[in-house]
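Containing compact mmCIF, C-alpha atoms: coords18.txt.
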# COMPACT_ATOMS: atom_id res chain seq x y z
CA MET A 638 76.33 41.93 -63.36
CA THR A 639 72.68 41.10 -62.75
CA ASN A 640 73.59 38.11 -60.57
CA LEU A 641 75.98 40.28 -58.54
CA ILE A 642 73.25 42.87 -57.91
CA ILE A 643 70.82 40.15 -56.86
CA ASP A 644 73.34 38.55 -54.46
CA VAL A 645 74.37 41.85 -52.87
CA SER A 646 70.74 42.94 -52.56
CA LYS A 647 69.89 39.77 -50.62
CA TYR A 648 72.38 40.59 -47.87
CA LEU A 649 71.51 44.28 -47.86
CA ILE A 650 67.82 43.45 -47.40
CA ILE A 651 68.65 41.20 -44.42
CA LEU A 652 70.86 43.90 -42.88
CA LEU A 653 68.19 46.57 -43.33
CA MET A 654 65.52 44.28 -41.87
CA ALA A 655 67.73 43.63 -38.84
CA CYS A 656 68.21 47.40 -38.42
CA TYR A 657 64.47 48.00 -38.68
CA THR A 658 63.81 45.35 -36.03
CA TYR A 659 66.47 46.84 -33.74
CA PHE A 660 64.79 50.25 -34.05
CA ASN A 661 61.45 48.56 -33.33
CA PHE A 662 62.62 47.63 -29.83
CA ARG A 663 64.93 50.60 -29.32
CA PHE A 664 61.80 52.75 -29.59
CA PHE A 665 60.57 51.46 -26.20
CA SER A 666 63.73 52.61 -24.40
CA TYR A 667 63.30 56.28 -25.38
CA LYS A 668 61.32 58.70 -23.22
CA GLU A 669 61.50 61.93 -25.18
CA PRO A 670 59.11 62.39 -28.15
CA GLU A 671 61.89 63.75 -30.37
CA GLU A 672 63.98 60.62 -29.82
CA LYS A 673 61.01 58.42 -30.71
CA LYS A 674 60.35 60.45 -33.86
CA ALA A 675 63.99 60.06 -34.90
CA VAL A 676 64.01 56.28 -34.49
CA CYS A 677 60.71 56.00 -36.40
CA GLY A 678 62.26 58.05 -39.19
CA ARG A 679 65.13 55.55 -39.40
CA GLN A 680 62.58 52.75 -39.59
CA ASN A 681 60.93 54.44 -42.56
CA GLN A 682 64.28 54.77 -44.34
CA ALA A 683 65.05 51.07 -43.81
CA MET A 684 61.60 50.00 -45.01
CA PHE A 685 61.69 52.04 -48.21
CA LEU A 686 65.18 50.73 -49.04
CA ILE A 687 64.04 47.12 -48.49
CA HIS A 688 61.05 47.75 -50.74
CA LEU A 689 63.24 49.31 -53.45
CA LEU A 690 65.88 46.57 -53.41
CA ALA A 691 63.33 43.75 -53.45
CA PHE A 692 61.47 45.18 -56.42
CA LEU A 693 64.75 45.83 -58.21
CA VAL A 694 65.46 42.10 -57.94
CA ILE A 695 61.90 41.25 -59.02
CA TYR A 696 62.28 43.47 -62.09
CA LEU A 697 65.67 42.00 -63.01
CA LYS A 698 64.32 38.44 -62.71
CA THR A 699 61.04 39.03 -64.57
CA GLU A 700 62.13 41.81 -66.98
CA LYS A 701 58.56 43.11 -66.92
CA PRO A 702 58.19 46.94 -67.06
CA GLU A 703 54.88 46.73 -65.21
CA MET A 704 56.83 45.73 -62.10
CA ILE A 705 58.35 49.22 -62.03
CA ALA A 706 54.89 50.79 -62.21
CA PHE A 707 53.62 48.44 -59.50
CA TYR A 708 56.56 49.39 -57.27
CA LEU A 709 55.93 53.13 -57.75
CA VAL A 710 52.23 52.76 -56.94
CA GLN A 711 53.07 50.84 -53.76
CA ALA A 712 55.71 53.39 -52.72
CA ALA A 713 53.20 56.19 -53.24
CA PHE A 714 50.69 54.34 -51.08
CA PHE A 715 53.19 53.88 -48.25
CA ILE A 716 54.10 57.58 -48.34
CA CYS A 717 50.43 58.60 -48.25
CA TYR A 718 49.59 56.10 -45.51
CA ILE A 719 52.49 56.92 -43.18
CA TRP A 720 52.43 60.70 -43.49
CA GLY A 721 48.68 60.92 -44.05
CA PHE A 722 48.05 59.21 -40.71
CA ARG A 723 50.31 61.71 -39.00
CA LEU A 724 48.51 64.64 -40.61
CA LEU A 725 45.06 63.33 -39.69
CA TYR A 726 45.97 62.38 -36.11
CA ARG A 727 48.62 64.43 -34.37
CA ASN A 728 49.07 61.97 -31.49
CA VAL A 729 49.20 58.80 -33.57
CA SER A 730 51.42 55.88 -32.51
CA ARG A 731 54.12 56.08 -35.17
CA LEU A 732 55.47 52.68 -34.22
CA LEU A 733 52.17 50.94 -35.05
CA VAL A 734 51.90 52.86 -38.34
CA ASN A 735 55.46 51.90 -39.29
CA ASN A 736 55.00 48.24 -38.36
CA THR A 737 51.77 48.08 -40.34
CA ALA A 738 53.59 49.43 -43.39
CA MET A 739 56.56 47.08 -42.88
CA LEU A 740 54.41 43.95 -42.63
CA LEU A 741 52.40 45.04 -45.68
CA CYS A 742 55.69 45.63 -47.51
CA VAL A 743 56.84 42.06 -46.77
CA GLY A 744 53.49 40.74 -47.96
CA PHE A 745 53.61 42.74 -51.21
CA ILE A 746 57.15 41.53 -51.96
CA MET A 747 56.35 37.84 -51.44
CA LEU A 748 52.95 37.94 -53.17
CA THR A 749 54.45 39.75 -56.18
CA ARG A 750 57.14 37.09 -56.42
CA LEU A 751 54.61 34.25 -56.07
CA SER A 752 52.21 35.87 -58.54
CA ALA A 753 54.96 36.14 -61.15
CA GLU A 754 55.78 32.44 -60.82
CA LYS A 755 52.22 31.13 -60.86
CA ASP A 756 50.78 33.76 -63.20
CA ARG A 757 48.19 34.85 -60.64
CA ALA A 758 46.91 38.30 -59.67
CA TRP A 759 47.40 37.82 -55.93
CA ALA A 760 49.64 40.85 -55.47
CA VAL A 761 47.42 43.24 -57.43
CA ARG A 762 44.28 42.09 -55.64
CA GLN A 763 46.03 42.34 -52.29
CA PHE A 764 47.08 45.89 -53.09
CA ILE A 765 43.48 46.81 -53.91
CA PHE A 766 42.32 45.22 -50.64
CA VAL A 767 44.95 47.14 -48.69
CA VAL A 768 44.18 50.54 -50.22
CA ALA A 769 40.43 50.09 -49.71
CA ALA A 770 40.88 48.90 -46.13
CA ALA A 771 43.32 51.69 -45.26
CA VAL A 772 40.99 54.38 -46.57
CA LEU A 773 37.80 52.97 -45.05
CA THR A 774 39.33 52.37 -41.60
CA TRP A 775 41.09 55.72 -41.28
CA ILE A 776 37.97 57.08 -39.55
CA ILE A 777 38.06 54.51 -36.71
CA PRO A 778 40.43 56.47 -34.39
CA TYR A 779 38.17 59.51 -34.83
CA VAL A 780 35.14 57.45 -33.76
CA ILE A 781 36.95 55.91 -30.78
CA ASP A 782 38.02 59.36 -29.59
CA ARG A 783 34.52 60.86 -29.76
CA VAL A 784 31.93 58.12 -29.19
CA TRP A 785 31.48 57.28 -25.52
CA GLN A 786 28.54 54.88 -25.77
CA LEU A 787 30.47 51.87 -27.09
CA ALA A 788 30.29 50.06 -23.74
CA LYS A 789 26.49 50.34 -23.50
CA VAL A 790 25.51 47.84 -26.21
CA PRO A 791 27.23 44.52 -25.34
CA TRP A 792 24.40 42.39 -26.71
CA LEU A 793 24.63 44.10 -30.07
CA TYR A 794 28.20 42.83 -30.35
CA GLY A 795 27.45 39.39 -28.91
CA LEU A 796 24.26 38.51 -30.77
CA GLY A 797 25.39 40.17 -34.01
CA GLY A 798 28.55 38.07 -34.01
CA LEU A 799 26.65 34.87 -33.26
CA ILE A 800 24.20 35.52 -36.11
CA LEU A 801 27.06 35.97 -38.58
CA LEU A 802 28.83 32.82 -37.43
CA ALA A 803 25.57 30.84 -37.55
CA ALA A 804 24.98 32.06 -41.12
CA VAL A 805 28.35 30.61 -42.13
CA TRP A 806 27.53 27.34 -40.36
CA ILE A 807 24.19 27.06 -42.18
CA GLY A 808 25.08 28.25 -45.66
CA GLY A 809 28.79 28.98 -45.81
CA ASN A 810 31.26 27.83 -48.45
CA THR A 811 33.53 24.93 -47.52
CA SER A 812 37.28 25.26 -47.92
CA TYR A 813 39.76 22.54 -46.88
CA GLY A 814 37.16 20.81 -44.74
CA ALA A 815 35.88 23.91 -42.91
CA GLN A 816 32.99 26.27 -43.55
CA LEU A 817 34.68 29.65 -43.58
CA SER A 818 33.04 32.19 -45.87
CA LEU A 819 29.82 33.63 -47.21
CA ALA A 820 29.53 34.37 -50.92
CA PHE A 821 27.50 37.10 -52.65
CA GLY A 822 28.00 36.59 -56.36
CA ASP A 823 31.71 36.86 -57.09
CA ILE A 824 32.43 38.45 -53.71
CA SER A 825 33.10 36.34 -50.62
CA PHE A 826 34.17 37.25 -47.12
CA GLN A 827 35.06 35.41 -43.92
CA PRO A 828 32.80 36.66 -41.09
CA SER A 829 34.90 35.15 -38.29
CA GLU A 830 37.68 37.63 -39.15
CA PHE A 831 35.35 40.47 -38.15
CA VAL A 832 33.42 38.69 -35.41
CA LYS A 833 36.61 38.25 -33.39
CA ILE A 834 36.67 42.06 -33.03
CA SER A 835 33.00 42.32 -32.04
CA PHE A 836 33.63 39.40 -29.66
CA VAL A 837 36.32 41.40 -27.84
CA PHE A 838 33.96 44.38 -27.59
CA PHE A 839 31.23 42.12 -26.20
CA VAL A 840 33.45 40.60 -23.51
CA ALA A 841 34.94 43.97 -22.59
CA ALA A 842 31.51 45.58 -22.29
CA MET A 843 30.14 42.74 -20.15
CA PHE A 844 33.07 42.74 -17.74
CA TYR A 845 33.01 46.54 -17.63
CA GLN A 846 29.45 46.31 -16.28
CA SER A 847 30.24 43.66 -13.67
CA VAL A 848 32.58 40.78 -12.84
CA SER A 849 30.09 39.10 -10.52
CA PHE A 850 29.79 35.32 -10.71
CA ARG A 851 26.41 35.59 -12.42
CA ASN A 852 27.72 37.97 -15.09
CA VAL A 853 30.83 35.84 -15.62
CA CYS A 854 28.64 32.76 -16.16
CA LEU A 855 26.42 34.64 -18.63
CA THR A 856 29.39 35.99 -20.57
CA THR A 857 31.03 32.58 -20.58
CA ALA A 858 27.86 31.01 -22.01
CA VAL A 859 27.79 33.46 -24.92
CA ALA A 860 31.53 33.07 -25.49
CA ALA A 861 31.12 29.28 -25.48
CA ALA A 862 28.34 29.65 -28.06
CA HIS A 863 30.75 31.53 -30.36
CA VAL A 864 33.35 28.78 -29.99
CA LEU A 865 30.84 25.94 -30.46
CA VAL A 866 29.44 27.44 -33.67
CA LEU A 867 32.98 27.74 -35.01
CA VAL A 868 33.67 24.13 -34.03
CA ALA A 869 30.46 23.05 -35.75
CA SER A 870 31.67 24.92 -38.86
CA ARG A 871 35.02 23.10 -38.44
CA ASP A 872 36.85 26.41 -38.23
CA LEU A 873 39.07 25.20 -35.42
CA GLY A 874 41.72 27.87 -35.96
CA GLY A 875 39.11 30.55 -35.37
CA ALA A 876 37.73 28.65 -32.38
CA LEU A 877 41.19 28.56 -30.79
CA ILE A 878 41.62 32.32 -31.22
CA PHE A 879 38.23 33.04 -29.62
CA PHE A 880 38.82 30.58 -26.79
CA ALA A 881 42.31 31.78 -25.85
CA THR A 882 41.29 35.43 -26.08
CA TYR A 883 38.30 34.91 -23.79
CA ILE A 884 40.24 32.95 -21.16
CA PHE A 885 42.90 35.64 -20.84
CA MET A 886 40.38 38.51 -20.89
CA LEU A 887 38.46 36.74 -18.11
CA PHE A 888 41.64 36.38 -16.08
CA VAL A 889 42.65 40.03 -16.55
CA ALA A 890 39.15 41.26 -15.65
CA THR A 891 38.80 39.10 -12.52
CA SER A 892 42.39 38.25 -11.47
CA ASN A 893 41.00 34.83 -10.57
CA TRP A 894 43.49 31.99 -11.10
CA LEU A 895 40.71 29.43 -10.72
CA TYR A 896 39.01 30.71 -13.86
CA LEU A 897 42.31 30.52 -15.77
CA GLY A 898 43.03 26.97 -14.61
CA ALA A 899 39.50 25.79 -15.37
CA GLY A 900 39.70 27.36 -18.82
CA VAL A 901 42.98 25.63 -19.65
CA LEU A 902 41.60 22.25 -18.53
CA CYS A 903 38.40 22.70 -20.53
CA GLY A 904 40.39 23.73 -23.58
CA SER A 905 42.63 20.68 -23.32
CA ALA A 906 39.63 18.36 -23.01
CA ALA A 907 37.88 20.06 -25.95
CA SER A 908 41.00 19.62 -28.13
CA VAL A 909 41.03 15.87 -27.49
CA LEU A 910 37.30 15.65 -28.19
CA ALA A 911 37.63 17.63 -31.45
CA CYS A 912 40.39 15.29 -32.61
CA ARG A 913 38.08 12.32 -32.11
CA LEU A 914 34.96 13.91 -33.62
CA PHE A 915 36.35 15.54 -36.78
CA SER A 916 38.22 13.57 -39.41
CA HIS A 917 40.01 16.58 -40.90
CA VAL A 918 41.33 17.47 -37.43
CA ARG A 919 42.69 13.93 -37.04
CA VAL A 920 44.35 14.23 -40.45
CA ARG A 921 46.11 17.44 -39.39
CA VAL A 922 47.19 16.00 -36.05
CA GLU A 923 48.52 12.83 -37.70
CA ALA A 924 50.33 14.93 -40.30
CA TRP A 925 51.83 16.99 -37.49
CA LEU A 926 52.95 13.97 -35.44
CA ASN A 927 54.61 12.17 -38.36
CA PRO A 928 54.38 13.97 -41.71
CA TRP A 929 57.07 11.71 -43.21
CA ALA A 930 54.82 8.65 -42.91
CA ASP A 931 52.54 9.95 -45.68
CA ILE A 932 54.72 12.51 -47.38
CA ASP A 933 52.84 12.36 -50.71
CA ASN A 934 49.40 12.95 -49.19
CA ARG A 935 48.56 14.12 -45.68
CA GLY A 936 52.08 15.21 -44.81
CA TYR A 937 52.84 16.89 -48.14
CA GLN A 938 52.11 20.49 -47.10
CA ILE A 939 54.03 20.47 -43.83
CA THR A 940 57.00 18.55 -45.27
CA GLN A 941 57.28 21.01 -48.18
CA SER A 942 57.16 23.82 -45.65
CA LEU A 943 59.95 22.26 -43.58
CA PHE A 944 62.02 21.60 -46.73
CA ALA A 945 61.63 25.27 -47.69
CA ILE A 946 62.64 26.55 -44.26
CA GLY A 947 65.61 24.19 -44.06
CA THR A 948 66.77 24.96 -47.59
CA GLY A 949 66.67 28.70 -46.99
CA GLY A 950 68.96 28.59 -43.97
CA TRP A 951 69.78 31.82 -42.16
CA PHE A 952 70.43 33.95 -45.25
CA GLY A 953 67.91 32.55 -47.74
CA LEU A 954 68.27 31.52 -51.35
CA GLY A 955 67.21 34.91 -52.68
CA LEU A 956 64.06 35.99 -54.49
CA PHE A 957 63.15 33.63 -57.35
CA GLN A 958 65.91 31.20 -56.30
CA GLY A 959 63.69 28.84 -54.28
CA MET A 960 60.60 26.77 -55.01
CA PRO A 961 57.90 28.13 -52.65
CA GLY A 962 55.28 27.39 -55.29
CA ASN A 963 55.51 23.70 -54.33
CA ILE A 964 53.84 24.45 -50.97
CA PRO A 965 50.02 24.20 -51.13
CA VAL A 966 48.20 27.43 -50.18
CA VAL A 967 51.58 29.18 -49.87
CA GLU A 968 50.03 32.61 -50.48
CA LYS A 969 47.80 32.29 -47.39
CA ASP A 970 48.53 29.93 -44.50
CA PHE A 971 52.13 29.08 -45.43
CA ILE A 972 53.58 32.38 -46.64
CA PHE A 973 55.99 32.35 -43.70
CA ALA A 974 57.67 29.28 -45.22
CA ALA A 975 58.16 31.16 -48.50
CA ILE A 976 59.68 34.08 -46.61
CA SER A 977 62.05 31.72 -44.77
CA GLU A 978 63.16 29.98 -47.96
CA GLU A 979 63.96 32.99 -50.10
CA MET A 980 64.53 35.83 -47.62
CA GLY A 981 66.23 33.68 -44.99
CA GLY A 982 65.82 32.67 -41.37
CA ILE A 983 67.18 35.98 -40.04
CA PHE A 984 64.63 37.93 -42.08
CA ALA A 985 61.84 35.56 -40.97
CA VAL A 986 62.79 35.92 -37.29
CA CYS A 987 62.73 39.71 -37.75
CA VAL A 988 59.16 39.44 -39.09
CA VAL A 989 58.18 37.53 -35.93
CA LEU A 990 59.90 40.15 -33.75
CA ILE A 991 58.05 42.97 -35.52
CA CYS A 992 54.77 41.19 -34.76
CA LEU A 993 55.94 40.85 -31.15
CA GLY A 994 56.72 44.57 -31.10
CA CYS A 995 53.12 45.30 -32.15
CA PHE A 996 51.86 43.07 -29.34
CA ILE A 997 54.08 44.83 -26.78
CA GLN A 998 52.73 48.18 -27.94
CA PHE A 999 49.16 46.87 -27.57
CA MET A 1000 49.90 45.73 -24.00
CA MET A 1001 51.52 49.06 -23.11
CA ILE A 1002 48.47 50.91 -24.40
CA ALA A 1003 46.21 48.57 -22.40
CA GLY A 1004 48.27 49.24 -19.29
CA LYS A 1005 47.92 53.00 -19.65
CA MET A 1006 44.16 53.05 -20.15
CA GLN A 1007 42.28 53.97 -16.97
CA ALA A 1008 38.77 52.93 -18.06
CA ALA A 1009 38.35 49.17 -17.66
CA PHE A 1010 36.39 48.93 -20.92
CA TYR A 1011 39.18 50.47 -23.00
CA LYS A 1012 41.83 48.50 -21.11
CA LEU A 1013 40.07 45.21 -21.87
CA ILE A 1014 39.57 46.13 -25.53
CA ALA A 1015 43.27 46.87 -26.04
CA PHE A 1016 44.26 43.71 -24.19
CA GLY A 1017 41.70 41.53 -25.98
CA LEU A 1018 42.62 42.76 -29.44
CA GLY A 1019 46.28 42.28 -28.59
CA MET A 1020 45.55 38.67 -27.62
CA VAL A 1021 43.57 38.09 -30.83
CA TYR A 1022 46.53 39.37 -32.83
CA ILE A 1023 49.35 37.49 -31.11
CA VAL A 1024 47.42 34.20 -30.86
CA GLN A 1025 46.77 34.33 -34.62
CA VAL A 1026 50.45 35.06 -35.30
CA LEU A 1027 51.57 32.17 -33.08
CA LEU A 1028 49.05 29.75 -34.59
CA ASN A 1029 50.18 30.61 -38.11
CA ILE A 1030 53.91 30.41 -37.48
CA GLY A 1031 53.54 27.39 -35.18
CA GLY A 1032 51.69 25.50 -37.90
CA VAL A 1033 54.23 26.40 -40.58
CA THR A 1034 57.20 25.32 -38.46
CA LYS A 1035 55.51 22.12 -37.14
CA PHE A 1036 55.49 23.43 -33.58
CA ILE A 1037 51.73 22.79 -33.47
CA PRO A 1038 49.23 21.22 -35.93
CA SER A 1039 48.25 23.50 -38.81
CA THR A 1040 45.11 25.50 -37.99
CA GLY A 1041 44.54 27.28 -41.29
CA VAL A 1042 44.85 30.87 -40.03
CA THR A 1043 46.61 33.65 -41.92
CA LEU A 1044 49.62 35.77 -40.93
CA PRO A 1045 48.10 39.26 -40.36
CA PHE A 1046 49.03 41.90 -42.96
CA VAL A 1047 51.33 39.45 -44.78
CA SER A 1048 49.14 36.61 -46.06
CA TYR A 1049 46.81 37.03 -49.02
CA GLY A 1050 43.13 37.62 -48.26
CA GLY A 1051 40.70 40.53 -48.26
CA SER A 1052 38.86 39.61 -45.05
CA SER A 1053 42.12 39.20 -43.16
CA ILE A 1054 43.41 42.54 -44.39
CA PHE A 1055 40.23 44.45 -43.54
CA SER A 1056 39.86 42.90 -40.08
CA THR A 1057 43.51 43.51 -39.18
CA PHE A 1058 43.26 47.16 -40.26
CA ILE A 1059 40.17 47.51 -38.07
CA LEU A 1060 41.97 45.86 -35.14
CA PHE A 1061 45.06 48.08 -35.42
CA ASN A 1062 43.03 51.27 -35.89
CA VAL A 1063 40.83 50.55 -32.86
CA VAL A 1064 43.98 50.25 -30.74
CA GLN A 1065 45.38 53.30 -32.49
CA GLY A 1066 42.22 55.18 -31.52
CA LEU A 1067 42.71 54.19 -27.87
CA TYR A 1068 46.30 55.44 -28.00
CA ILE A 1069 45.21 58.76 -29.50
CA LEU A 1070 42.43 59.06 -26.90
CA LYS A 1071 44.92 58.57 -24.06
CA ARG A 1072 47.47 61.00 -25.52
CA ASN A 1073 44.78 63.65 -25.99
CA GLU A 1074 43.68 63.21 -22.38
CA GLU A 1075 47.28 63.57 -21.17
CA GLU A 1076 47.74 66.76 -23.17
CA GLU A 1077 44.54 68.25 -21.75
CA HIS A 1078 45.66 67.32 -18.23
CA GLU A 1079 49.04 69.01 -18.77
CA LYS A 1080 47.34 72.18 -19.97

Represent the structure from my file as structure tokens, please.
Amino acid sequence: MTNLIIDVSKYLIILLMACYTYFNFRFFSYKEPEEKKAVCGRQNQAMFLIHLLAFLVIYLKTEKPEMIAFYLVQAAFFICYIWGFRLLYRNVSRLLVNNTAMLLCVGFIMLTRLSAEKDRAWAVRQFIFVVAAAVLTWIIPYVIDRVWQLAKVPWLYGLGGLILLAAVWIGGNTSYGAQLSLAFGDISFQPSEFVKISFVFFVAAMFYQSVSFRNVCLTTAVAAAHVLVLVASRDLGGALIFFATYIFMLFVATSNWLYLGAGVLCGSAASVLACRLFSHVRVRVEAWLNPWADIDNRGYQITQSLFAIGTGGWFGLGLFQGMPGNIPVVEKDFIFAAISEEMGGIFAVCVVLICLGCFIQFMMIAGKMQAAFYKLIAFGLGMVYIVQVLLNIGGVTKFIPSTGVTLPFVSYGGSSIFSTFILFNVVQGLYILKRNEEEEHEK
């Protein structure tokens, strides 16, 4: 009977995830607010059923009563987060709130499953990170809606970010060949996760003031300094995010194809140079080109990831039926491989499409903003988000070399969770600001 429940639940979860993803894009076709509310309500129903079925399977496989308590606490959090946001902010983007909850739900399910296998506290710690981040960042839309001086202090964002990155370069902890974090006793955090947000504010504020050649050169110099410090710290995943975000923000602000072409050429040349200068970059590139040549060493992580994805197929093996624990750092950089193995290719593609839906919403908000500063912020944060998603999934699937970045809201990590909540709530604040302005105009 237990095996029957587990097998049926696997297909029901995939069906519900497909329905949720369909509603995610159906939302954009509706014009009336009541229709959008209805489709968001259906999304909530699908998400809570997925959460329930997944934890039912986890309980049946582990037979641990604490899993029931953990499920109830998570469900209570989702209820408070979704409906609390709506109570605090009348004009909130329900789609972004729902997608945040759905991605967190997927992360909780996979981390709980991985924690049970490896006897780690990843899921519990992640839940604490999420609750703290959700509570602390709830005020951001309020600040965005009421503080009008954000564009007046570009050098505070630029120099503050550089100082943090330089501190990591000088005295940061090394992880997998890169200096990524600062430690204060038992607490560590990754400054680049937060600097990428201040970086977007810096670039937006500078281009809001002027897009003259002199100002573009000055902004480019500071942006290049951010990237070079990250390269010196060997955080090449972070450097790629900063670089791509700046190039596209520059193009949107100036509409100059020459800048875009020059940026792409410089980026290509820098990639070749980094491969020659840094041994750990060469290792990753060689592992990407032919992981089977050194399957027990350099190619082990990517080959295990590909085995997991291939073994899972379209419908997955089911929770606790695969071996995702064989993948190094599976809870962080390679969690997408674990999702593909046990939840299936269809479920994994739906996760990607949900991330794409968030990006589309970011771009639509950017398009509606009249002030250039707000428009560039929404666009820049959207680029930060989607580039990180593509780098993570591209590395896991061997589309590009692994860059060591996390999958936002899904992978384990306190810094990643906090920075992604900040990013989403800044964009949420811009959406609320625009909706409030539209309501005042109608009155």

Go through segment 818-917 of chain A and flag each residue having an atom no more than 6 Å from segment 1041-1055 of chain A; for those, report the closest pair of atoms plus their distance in Å to one decimal, using only C-alpha atoms, ordered by chain and rising number, as CSV.
residue,atom,partner,partner_atom,distance
A:Phe826,CA,A:Ser1052,CA,5.6
A:Gln827,CA,A:Ser1052,CA,5.8
A:Gly874,CA,A:Val1042,CA,5.9

Requested in this report: Tell me which of A:Gly953, A:Pro778, A:Pro791, A:Gly1066 sits closest to Phe999 of chain A, counting only C-alpha atoms.
Outcome: A:Gly1066

Query - Top pick for closest residue to Trp792 of chain A, considering A:Ala760, A:Met960, A:Cys742, A:Ala860 and counting only C-alpha atoms - result: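 That would be A:Ala860, the residue with the smallest distance to Trp792 of chain A.
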
Query raised in the report: atom CA of Cys656 of chain A and atom CA of Ala683 of chain A are how many Å apart?
Result: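 Atom-to-atom, atom CA of Cys656 of chain A to atom CA of Ala683 of chain A, that is 7.2 Å.
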
Report task. Please write as JSON, numbers by chain the list of polymer residues whose atoms come within 12 Å of (50.8, 26.3, -44.6), counting all atoms listed in the file and keeping to the coordinates of the file. Result -> {"A": [813, 921, 925, 936, 937, 938, 939, 940, 941, 942, 943, 945, 946, 961, 962, 963, 964, 965, 966, 967, 968, 969, 970, 971, 972, 973, 974, 975, 976, 1028, 1029, 1030, 1031, 1032, 1033, 1034, 1035, 1037, 1038, 1039, 1040, 1041, 1042, 1043, 1044, 1048]}

Query - Atom pair atom CA of Arg731 of chain A / atom CA of Lys674 of chain A: separation (Å) - result: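 Taking atom CA of Arg731 of chain A and atom CA of Lys674 of chain A, their separation equals 7.7 Å.
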
Query raised in the report: Separation of atom CA of Val989 of chain A and atom CA of Lys1005 of chain A, in Å?
Result: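 Atom-to-atom, atom CA of Val989 of chain A to atom CA of Lys1005 of chain A, that is 24.7 Å.
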
Query raised in the report: Looking at all atoms listed in the file, which of A:Phe839, A:Phe722, A:Phe745, A:Tyr657 is the one that sits closest to Trp775 of chain A?
Result: A:Phe722
